[in-house]
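**Q** What follows is the file work_39.csv, containing CSV, C-alpha atoms:
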chain,number,residue,atom,x,y,z
A,1,LYS,CA,12.1,-13.1,25.6
A,2,VAL,CA,13.8,-12.0,22.3
A,3,PRO,CA,14.1,-8.2,21.9
A,4,SER,CA,13.1,-6.7,18.5
A,5,ILE,CA,15.6,-4.4,17.0
A,6,MET,CA,14.9,-2.6,13.7
A,7,ILE,CA,16.9,-0.3,11.4
A,8,PRO,CA,15.2,1.6,8.6
A,9,GLY,CA,16.0,0.7,5.0
A,10,ASN,CA,15.9,3.0,2.0
A,11,HIS,CA,12.3,2.3,1.3
A,12,ASP,CA,11.4,3.3,4.8
A,13,GLN,CA,13.1,6.7,4.7
A,14,ILE,CA,11.3,9.7,3.4
A,15,ASP,CA,14.3,12.1,2.9
A,16,TRP,CA,18.1,12.1,2.2
A,17,ARG,CA,19.0,12.3,5.9
A,18,GLY,CA,17.1,9.2,6.7
A,19,THR,CA,16.1,10.3,10.2
A,20,ASP,CA,12.4,10.5,9.3
A,21,HIS,CA,11.0,7.1,8.2
A,22,ALA,CA,8.0,4.8,8.3
A,23,LEU,CA,9.2,2.9,11.4
A,24,THR,CA,8.7,6.0,13.6
A,25,PRO,CA,5.1,5.1,14.4
A,26,LEU,CA,6.2,1.8,15.8
A,27,ARG,CA,8.8,3.5,18.0
A,28,THR,CA,6.3,5.9,19.5
A,29,SER,CA,3.1,3.8,19.8
A,30,TYR,CA,3.8,0.1,19.8
A,31,GLN,CA,3.5,-1.7,23.1
A,32,ILE,CA,3.1,-5.3,24.0
A,33,PHE,CA,0.9,-6.5,26.8
A,34,ALA,CA,0.9,-10.1,28.1
A,35,GLN,CA,-0.4,-12.1,31.0
A,36,ASN,CA,1.8,-12.5,34.0
A,37,SER,CA,1.5,-16.0,35.3
A,38,ASP,CA,2.6,-14.9,38.8
A,39,ARG,CA,-0.5,-12.9,39.5
A,40,GLU,CA,-4.2,-12.8,38.8
A,41,HIS,CA,-5.3,-10.8,35.8
A,42,ASP,CA,-8.4,-9.5,34.2
A,43,ASP,CA,-8.5,-9.6,30.4
A,44,ASN,CA,-10.6,-6.5,30.4
A,45,ASP,CA,-8.2,-4.5,32.6
A,46,ILE,CA,-5.0,-3.6,30.8
A,47,LYS,CA,-3.4,-2.6,34.1
A,48,SER,CA,-3.4,-6.2,35.2
A,49,LEU,CA,-1.3,-7.3,32.2
A,50,GLU,CA,2.5,-7.2,32.1
A,51,GLN,CA,3.8,-4.6,29.7
A,52,TYR,CA,6.9,-5.2,27.5
A,53,PRO,CA,8.6,-2.6,25.3
A,54,GLY,CA,7.9,-2.7,21.6
A,55,PRO,CA,10.6,-2.8,19.0
A,56,LEU,CA,13.7,-0.8,19.4
A,57,ILE,CA,14.1,1.5,16.4
A,58,LEU,CA,17.7,2.6,15.7
A,59,SER,CA,17.7,5.6,13.3
A,60,GLN,CA,21.4,6.3,13.7
A,61,PRO,CA,24.4,4.1,13.8
A,62,THR,CA,24.3,2.4,17.2
A,63,LYS,CA,26.4,-0.1,19.0
A,64,LEU,CA,24.4,-2.5,21.1
A,65,PHE,CA,25.2,-5.9,22.6
A,66,GLY,CA,28.6,-5.9,20.9
A,67,ALA,CA,27.2,-5.3,17.4
A,68,LEU,CA,27.0,-2.2,15.3
A,69,PHE,CA,23.5,-1.5,13.8
A,70,VAL,CA,23.7,0.8,10.8
A,71,PRO,CA,20.5,2.0,9.0
A,72,HIS,CA,20.6,2.8,5.3
A,73,ILE,CA,22.9,5.7,4.7
A,74,ARG,CA,22.6,7.3,1.2
A,75,ASP,CA,25.8,9.4,1.5
A,76,LYS,CA,28.7,7.0,0.6
A,77,LYS,CA,31.3,9.1,2.3
A,78,ARG,CA,29.4,9.1,5.6
A,79,MET,CA,28.8,5.3,5.3
A,80,ASN,CA,32.5,4.7,4.6
A,81,SER,CA,33.3,6.9,7.7
A,82,VAL,CA,31.0,4.7,9.9
A,83,LEU,CA,32.6,1.5,8.6
A,84,ALA,CA,36.1,2.9,9.3
A,85,SER,CA,35.2,4.0,12.8
A,86,LYS,CA,36.7,2.3,15.9
A,87,GLU,CA,33.1,1.3,16.9
A,88,ALA,CA,32.9,-0.8,13.7
A,89,PHE,CA,36.3,-2.4,14.2
A,90,GLN,CA,35.6,-3.2,17.8
A,91,SER,CA,32.2,-4.8,17.1
A,92,ASN,CA,31.7,-8.5,16.8
A,93,ALA,CA,29.1,-8.1,14.0
A,94,LEU,CA,27.5,-5.4,11.8
A,95,PHE,CA,23.9,-5.2,10.8
A,96,VAL,CA,23.4,-2.9,7.9
A,97,HIS,CA,21.1,-2.0,5.0
A,98,ALA,CA,23.7,-1.3,2.3
A,99,ASP,CA,24.2,-1.4,-1.5
A,100,VAL,CA,27.6,-3.2,-1.8
A,101,LYS,CA,29.4,-3.3,-5.2
A,102,GLY,CA,29.3,-6.8,-6.6
A,103,ALA,CA,26.2,-7.9,-4.7
A,104,SER,CA,23.4,-9.5,-6.6
A,105,MET,CA,20.6,-7.1,-7.2
A,106,ASN,CA,18.7,-10.1,-8.7
A,107,ASP,CA,19.7,-13.3,-10.5
A,108,LEU,CA,21.0,-11.4,-13.5
A,109,ILE,CA,22.5,-8.1,-12.4
A,110,GLU,CA,25.2,-7.2,-9.9
A,111,SER,CA,25.5,-3.8,-8.3
A,112,GLN,CA,28.0,-1.5,-9.9
A,113,HIS,CA,27.6,1.6,-7.9
A,114,GLY,CA,27.5,0.6,-4.3
A,115,ILE,CA,30.2,0.9,-1.6
A,116,SER,CA,33.2,-1.4,-1.8
A,117,ALA,CA,33.1,-4.6,0.2
A,118,SER,CA,36.7,-3.8,1.3
A,119,ALA,CA,35.3,-0.8,3.3
A,120,PHE,CA,33.9,-3.2,5.9
A,121,PRO,CA,36.0,-4.3,8.9
A,122,PRO,CA,37.7,-7.7,8.1
A,123,GLU,CA,36.9,-10.9,10.0
A,124,ARG,CA,33.5,-9.6,11.2
A,125,LEU,CA,30.1,-11.0,10.7
A,126,VAL,CA,28.1,-8.7,8.5
A,127,TYR,CA,24.4,-9.1,7.8
A,128,SER,CA,22.7,-6.8,5.3
A,129,GLY,CA,19.3,-6.0,4.0
A,130,HIS,CA,18.5,-4.1,0.8
A,131,PHE,CA,18.8,-6.7,-2.0
A,132,HIS,CA,16.1,-9.3,-2.0
A,133,LYS,CA,18.2,-12.3,-3.1
A,134,PRO,CA,19.7,-14.3,-0.2
A,135,HIS,CA,23.4,-14.6,-1.0
A,136,GLU,CA,26.9,-13.9,0.3
A,137,ILE,CA,29.8,-11.9,-1.2
A,138,VAL,CA,33.3,-12.6,0.0
A,139,VAL,CA,36.5,-10.5,-0.5
A,140,GLY,CA,39.6,-12.7,-0.1
A,141,LYS,CA,39.4,-16.3,1.1
A,142,LYS,CA,36.6,-16.9,3.6
A,143,SER,CA,37.8,-17.4,7.2
A,144,HIS,CA,41.3,-16.2,6.3
A,145,PRO,CA,42.8,-13.1,8.0
A,146,ASN,CA,41.6,-9.8,6.5
A,147,SER,CA,38.8,-11.5,4.5
A,148,VAL,CA,35.4,-9.7,4.3
A,149,SER,CA,32.2,-11.7,4.2
A,150,ILE,CA,28.8,-9.9,3.8
A,151,ARG,CA,25.6,-12.0,4.0
A,152,TYR,CA,22.5,-10.6,2.4
A,153,VAL,CA,19.6,-12.0,4.4
A,154,GLY,CA,17.1,-11.5,1.6
A,155,SER,CA,13.4,-10.6,1.6
A,156,PRO,CA,11.0,-12.8,3.7
A,157,TYR,CA,8.9,-13.6,0.6
A,158,GLN,CA,9.1,-13.1,-3.2
A,159,THR,CA,8.0,-9.7,-4.3
A,160,SER,CA,8.5,-9.9,-8.1
A,161,LEU,CA,9.3,-12.1,-11.0
A,162,SER,CA,13.0,-11.3,-10.5
A,163,GLU,CA,12.8,-13.5,-7.3
A,164,ALA,CA,11.3,-16.6,-9.1
A,165,GLY,CA,12.8,-19.8,-7.7
A,166,GLN,CA,14.5,-18.1,-4.7
A,167,THR,CA,14.2,-19.8,-1.3
A,168,LYS,CA,13.6,-17.4,1.6
A,169,SER,CA,14.7,-18.0,5.2
A,170,LEU,CA,14.9,-16.5,8.7
A,171,LEU,CA,18.4,-16.4,10.2
A,172,VAL,CA,18.7,-17.2,13.9
A,173,VAL,CA,21.7,-15.4,15.3
A,174,ASP,CA,23.0,-15.6,18.9
A,175,SER,CA,24.4,-12.5,20.6
A,176,ALA,CA,26.1,-14.7,23.2
A,177,LYS,CA,28.1,-16.3,20.4
A,178,ASN,CA,29.3,-13.0,18.8
A,179,TRP,CA,26.1,-13.0,16.6
A,180,GLU,CA,27.0,-16.2,14.9
A,181,CYS,CA,24.2,-17.7,12.8
A,182,ILE,CA,23.1,-20.8,14.6
A,183,ASP,CA,20.1,-21.8,12.5
A,184,GLU,CA,18.3,-21.0,9.3
A,185,ILE,CA,14.6,-21.5,9.1
A,186,ALA,CA,12.9,-21.8,5.7
A,187,ILE,CA,10.0,-19.3,5.1
A,188,ASP,CA,7.2,-20.3,2.8
A,189,VAL,CA,4.7,-17.5,2.8
A,190,GLY,CA,3.1,-15.1,0.3
A,191,ARG,CA,2.7,-15.2,-3.5
A,192,LYS,CA,5.4,-17.1,-5.4
A,193,TYR,CA,6.6,-16.3,-8.9
A,194,HIS,CA,7.4,-18.8,-11.6
A,195,ARG,CA,9.2,-18.3,-14.9
A,196,VAL,CA,8.6,-20.8,-17.6
A,197,SER,CA,10.2,-20.7,-21.1
A,198,SER,CA,9.0,-24.0,-22.4
A,199,VAL,CA,5.5,-25.0,-23.7
A,200,ASN,CA,6.1,-28.5,-22.4
A,201,ASP,CA,7.1,-27.3,-19.0
A,202,PHE,CA,4.1,-25.1,-18.8
A,203,LEU,CA,1.7,-27.9,-19.8
A,204,GLY,CA,3.2,-29.9,-16.9
A,205,LEU,CA,2.3,-27.3,-14.3
A,206,ALA,CA,-0.6,-28.2,-11.9
A,207,PRO,CA,-2.2,-26.5,-8.9
A,208,SER,CA,-1.1,-27.9,-5.6
A,209,GLU,CA,-1.3,-27.3,-1.9
A,210,LYS,CA,2.3,-28.5,-1.5
A,211,SER,CA,5.1,-25.9,-1.0
A,212,ASN,CA,6.7,-26.9,-4.3
A,213,GLY,CA,3.6,-26.6,-6.3
A,214,LEU,CA,1.4,-23.8,-7.7
A,215,ARG,CA,-0.9,-22.2,-5.1
A,216,GLN,CA,-3.7,-19.7,-5.3
A,217,GLY,CA,-2.3,-16.2,-5.7
A,218,ASP,CA,0.9,-17.4,-7.4
A,219,LYS,CA,2.0,-15.8,-10.7
A,220,VAL,CA,3.4,-17.6,-13.7
A,221,ALA,CA,5.1,-15.8,-16.6
A,222,VAL,CA,5.2,-17.9,-19.7
A,223,MET,CA,7.8,-16.7,-22.2
A,224,VAL,CA,7.2,-18.4,-25.6
A,225,PRO,CA,7.0,-17.2,-29.2
A,226,GLN,CA,3.6,-16.2,-30.3
A,227,GLN,CA,4.2,-18.3,-33.5
A,228,ILE,CA,4.1,-21.5,-31.4
A,229,LEU,CA,0.8,-20.5,-29.8
A,230,ASP,CA,-0.8,-19.6,-33.1
A,231,GLU,CA,0.2,-22.9,-34.6
A,232,MET,CA,-1.2,-24.8,-31.7
A,233,ARG,CA,-4.5,-23.0,-32.0
A,234,VAL,CA,-4.7,-23.7,-35.7
A,235,ILE,CA,-4.3,-27.4,-35.0
A,236,ALA,CA,-6.9,-27.2,-32.3
A,237,HIS,CA,-9.3,-25.4,-34.6
A,238,ALA,CA,-8.8,-28.1,-37.3
A,239,SER,CA,-9.5,-30.8,-34.7
A,240,LYS,CA,-12.7,-29.1,-33.7
A,241,LYS,CA,-13.9,-29.1,-37.3
A,242,SER,CA,-13.2,-32.7,-37.7
A,243,THR,CA,-14.7,-33.8,-34.4
A,244,ASN,CA,-17.5,-31.3,-34.2
A,245,ASP,CA,-16.3,-30.6,-30.6
A,246,VAL,CA,-17.2,-26.9,-29.9
A,247,SER,CA,-15.2,-26.9,-26.7
A,248,GLU,CA,-11.9,-27.9,-28.4
A,249,VAL,CA,-9.1,-25.5,-27.5
A,250,SER,CA,-5.3,-25.8,-27.7
A,251,PRO,CA,-3.5,-27.6,-24.9
A,252,PHE,CA,-1.8,-24.4,-24.0
A,253,ASP,CA,-5.0,-22.4,-23.7
A,254,ALA,CA,-6.6,-25.2,-21.8
A,255,LYS,CA,-3.8,-25.1,-19.2
A,256,VAL,CA,-4.1,-21.3,-19.0
A,257,ASN,CA,-7.8,-21.6,-18.2
A,258,GLU,CA,-7.2,-24.4,-15.7
A,259,LEU,CA,-4.6,-22.4,-13.8
A,260,ARG,CA,-6.5,-19.1,-13.8
A,261,ALA,CA,-9.6,-21.0,-12.6
A,262,SER,CA,-7.6,-22.2,-9.6
A,263,GLY,CA,-6.5,-18.7,-8.7
A,264,VAL,CA,-3.1,-18.7,-10.4
A,265,SER,CA,-2.2,-15.6,-12.4
A,266,VAL,CA,-0.8,-16.4,-15.9
A,267,GLU,CA,1.0,-13.8,-17.9
A,268,ILE,CA,2.0,-14.7,-21.5
A,269,ARG,CA,5.1,-12.9,-22.9
A,270,ASP,CA,6.0,-13.1,-26.6
A,271,THR,CA,9.6,-13.9,-27.5
A,272,GLN,CA,11.3,-14.2,-30.9
A,273,PRO,CA,12.4,-17.6,-31.9
A,274,GLN,CA,15.7,-18.4,-33.8
A,275,LEU,CA,15.1,-21.4,-36.0
A,276,LYS,CA,18.1,-23.6,-36.6
A,277,ASP,CA,16.5,-25.2,-39.7
A,278,SER,CA,13.2,-25.3,-41.6
A,279,GLY,CA,12.3,-28.6,-40.1
A,280,THR,CA,12.0,-27.3,-36.6
A,281,THR,CA,8.7,-28.0,-35.0
A,282,PRO,CA,6.8,-25.6,-32.7
A,283,LEU,CA,7.7,-27.4,-29.6
A,284,ASP,CA,11.3,-27.5,-30.7
A,285,VAL,CA,11.4,-23.7,-31.2
A,286,GLU,CA,11.0,-23.1,-27.4
A,287,GLN,CA,14.5,-24.5,-27.0
A,288,ALA,CA,16.0,-21.9,-29.3
A,289,VAL,CA,14.3,-18.8,-27.8
A,290,ASP,CA,16.6,-15.8,-27.7
A,291,GLU,CA,15.1,-13.6,-25.1
A,292,VAL,CA,16.2,-10.4,-23.3
A,293,GLN,CA,14.5,-10.4,-19.8
A,294,PHE,CA,13.9,-7.1,-18.1
A,295,GLU,CA,13.8,-7.6,-14.3
A,296,ASP,CA,12.3,-5.7,-11.4
A,297,LEU,CA,15.1,-4.2,-9.3
A,298,SER,CA,15.1,-3.0,-5.7
A,299,PRO,CA,18.0,-0.5,-5.5
Could you write out this structure as structure tokens?
**A**
Amino acid sequence: KVPSIMIPGNHDQIDWRGTDHALTPLRTSYQIFAQNSDREHDDNDIKSLEQYPGPLILSQPTKLFGALFVPHIRDKKRMNSVLASKEAFQSNALFVHADVKGASMNDLIESQHGISASAFPPERLVYSGHFHKPHEIVVGKKSHPNSVSIRYVGSPYQTSLSEAGQTKSLLVVDSAKNWECIDEIAIDVGRKYHRVSSVNDFLGLAPSEKSNGLRQGDKVAVMVPQQILDEMRVIAHASKKSTNDVSEVSPFDAKVNELRASGVSVEIRDTQPQLKDSGTTPLDVEQAVDEVQFEDLSP
């Protein structure tokens, strides 16, 4: 049996102190009942079932099984005090929900206002929530004395376009091995986000049941200049006149219709092209797109 230990993050907490949070109902009401193979049971009689405790909710810094569990602490001075405590330095690992300076808020932006990674005890395993991108930040040379390594586990599924292309996973850690990560299990659930900045790449997309293909519920953001789409539609309109085909649409619009019909959400974002010369064709323009992307953050 594997116990479930939870610490509240910033999105769970409802005030600055962090003691009141959305995990409280789980702590007070969640119970697990299961069949006991050693005795007869009645599915309709809850008393005949074996009762197991629900998740252990730790709302304050708590040392357990040789590890220090630290919920999200908004006060930097208090967080630094916890990390400098003897409990932290005498722990084999730390489980936190922290904003660490230099950590990746997404693929484009690093945190500038978090706590310093050097505040963590050196040569300890540190696992953190908070930022959704799975990654690791290291101060000093990894595995060397006084080095600090903080591993962001990441979200279990993509929640916004800023996580497009990210692979999510479940980390298996062993308390008997000082909380070392002994396995990493890929997670493939929920909506996936896809960012496309090429008309040709977009035309190559296709619905698929495979994990690396588009699935119902996925979202595609296509970032191309409106000029390209207008020119493709003009060409399609001229072709319709010459062939008397009333159903003729541009290849781009046909792909949009195909994906939307399969349950894939398609968002078209206009970008401004920078033409290198007057002979640049519409499909060449996509390679010269100068785009500023605004990402969803999870501070």
**Q** Between A:Asp218, A:Asp107, A:Glu123, A:Asp12, single out the one closest to A:Ser147, counting all atoms listed in the file.
**A**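 Among A:Asp218, A:Asp107, A:Glu123, A:Asp12, it is A:Glu123 that comes nearest to A:Ser147.
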**Q** What does the distance from atom CA of A:Ser239 to atom CA of A:Gln227 come to in Å, to one decimal?
**A**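 Atom CA of A:Gln227 lies 18.6 Å from atom CA of A:Ser239.
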**Q** Using only C-alpha atoms, determine which residues lie at most 6 Å from stretch 258-268 of chain A, disregarding the query and same-chain residues fewer than 5 positions distant; provide the list as a list in words.
**A**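 In the requested format, the answer is Gln216, Gly217, Asp218, Lys219, Val220, Ala221 and Val222 of chain A.
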**Q** Excluding A:Ala88 and any residue of its chain fewer than 6 positions from it, enumerate the residues within 9 Å of it, using only C-alpha atoms, and give them as a list in words.
**A**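 Using only C-alpha atoms, the neighbours found are Lys63, Ala67, Leu68, Val82, Leu94, Phe120 and Pro121 of chain A.
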**Q** From the set A:Pro122, A:Gln158, A:Phe202, A:Arg17, which residue has the shortest atom-to-atom contact distance to A:Pro145, counting only C-alpha atoms?
**A** A:Pro122
**Q** Report, in Å with one decimal, the straight-line distance from atom CA of A:Lys255 to atom CA of A:Gln226.
**A**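 Going from atom CA of A:Lys255 over to atom CA of A:Gln226 covers 16.0 Å.
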**Q** Between A:Gln13, A:Ser198, A:Ser116, A:Ser104, which has the minimum distance to A:Tyr152 (counting only C-alpha atoms)?
**A**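 Closest candidate: A:Ser104.
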**Q** Fewer than 4 positions away in the same chain doesn't count, so skip those; otherwise give me all residues within 8 Å of A:Ile5, counting all atoms listed in the file, as a PyMOL selection string.
**A** chain A and resi 55-58
**Q** Keeping only C-alpha atoms, take the residues you just selected and write them out as an mmCIF file, in the frame of the given file.
**A**
data_model
loop_
_atom_site.group_PDB
_atom_site.id
_atom_site.type_symbol
_atom_site.label_atom_id
_atom_site.label_comp_id
_atom_site.auth_asym_id
_atom_site.auth_seq_id
_atom_site.Cartn_x
_atom_site.Cartn_y
_atom_site.Cartn_z
ATOM 1 C CA PRO A 55 10.600 -2.800 19.000
ATOM 2 C CA LEU A 56 13.700 -0.800 19.400
ATOM 3 C CA ILE A 57 14.100 1.500 16.400
ATOM 4 C CA LEU A 58 17.700 2.600 15.700
#
**Q** Using atom CA of A:Ser155 and atom CA of A:Phe69 as the two end points, give the distance in Å to one decimal.
**A**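 Going from atom CA of A:Ser155 over to atom CA of A:Phe69, I get 18.3 Å.
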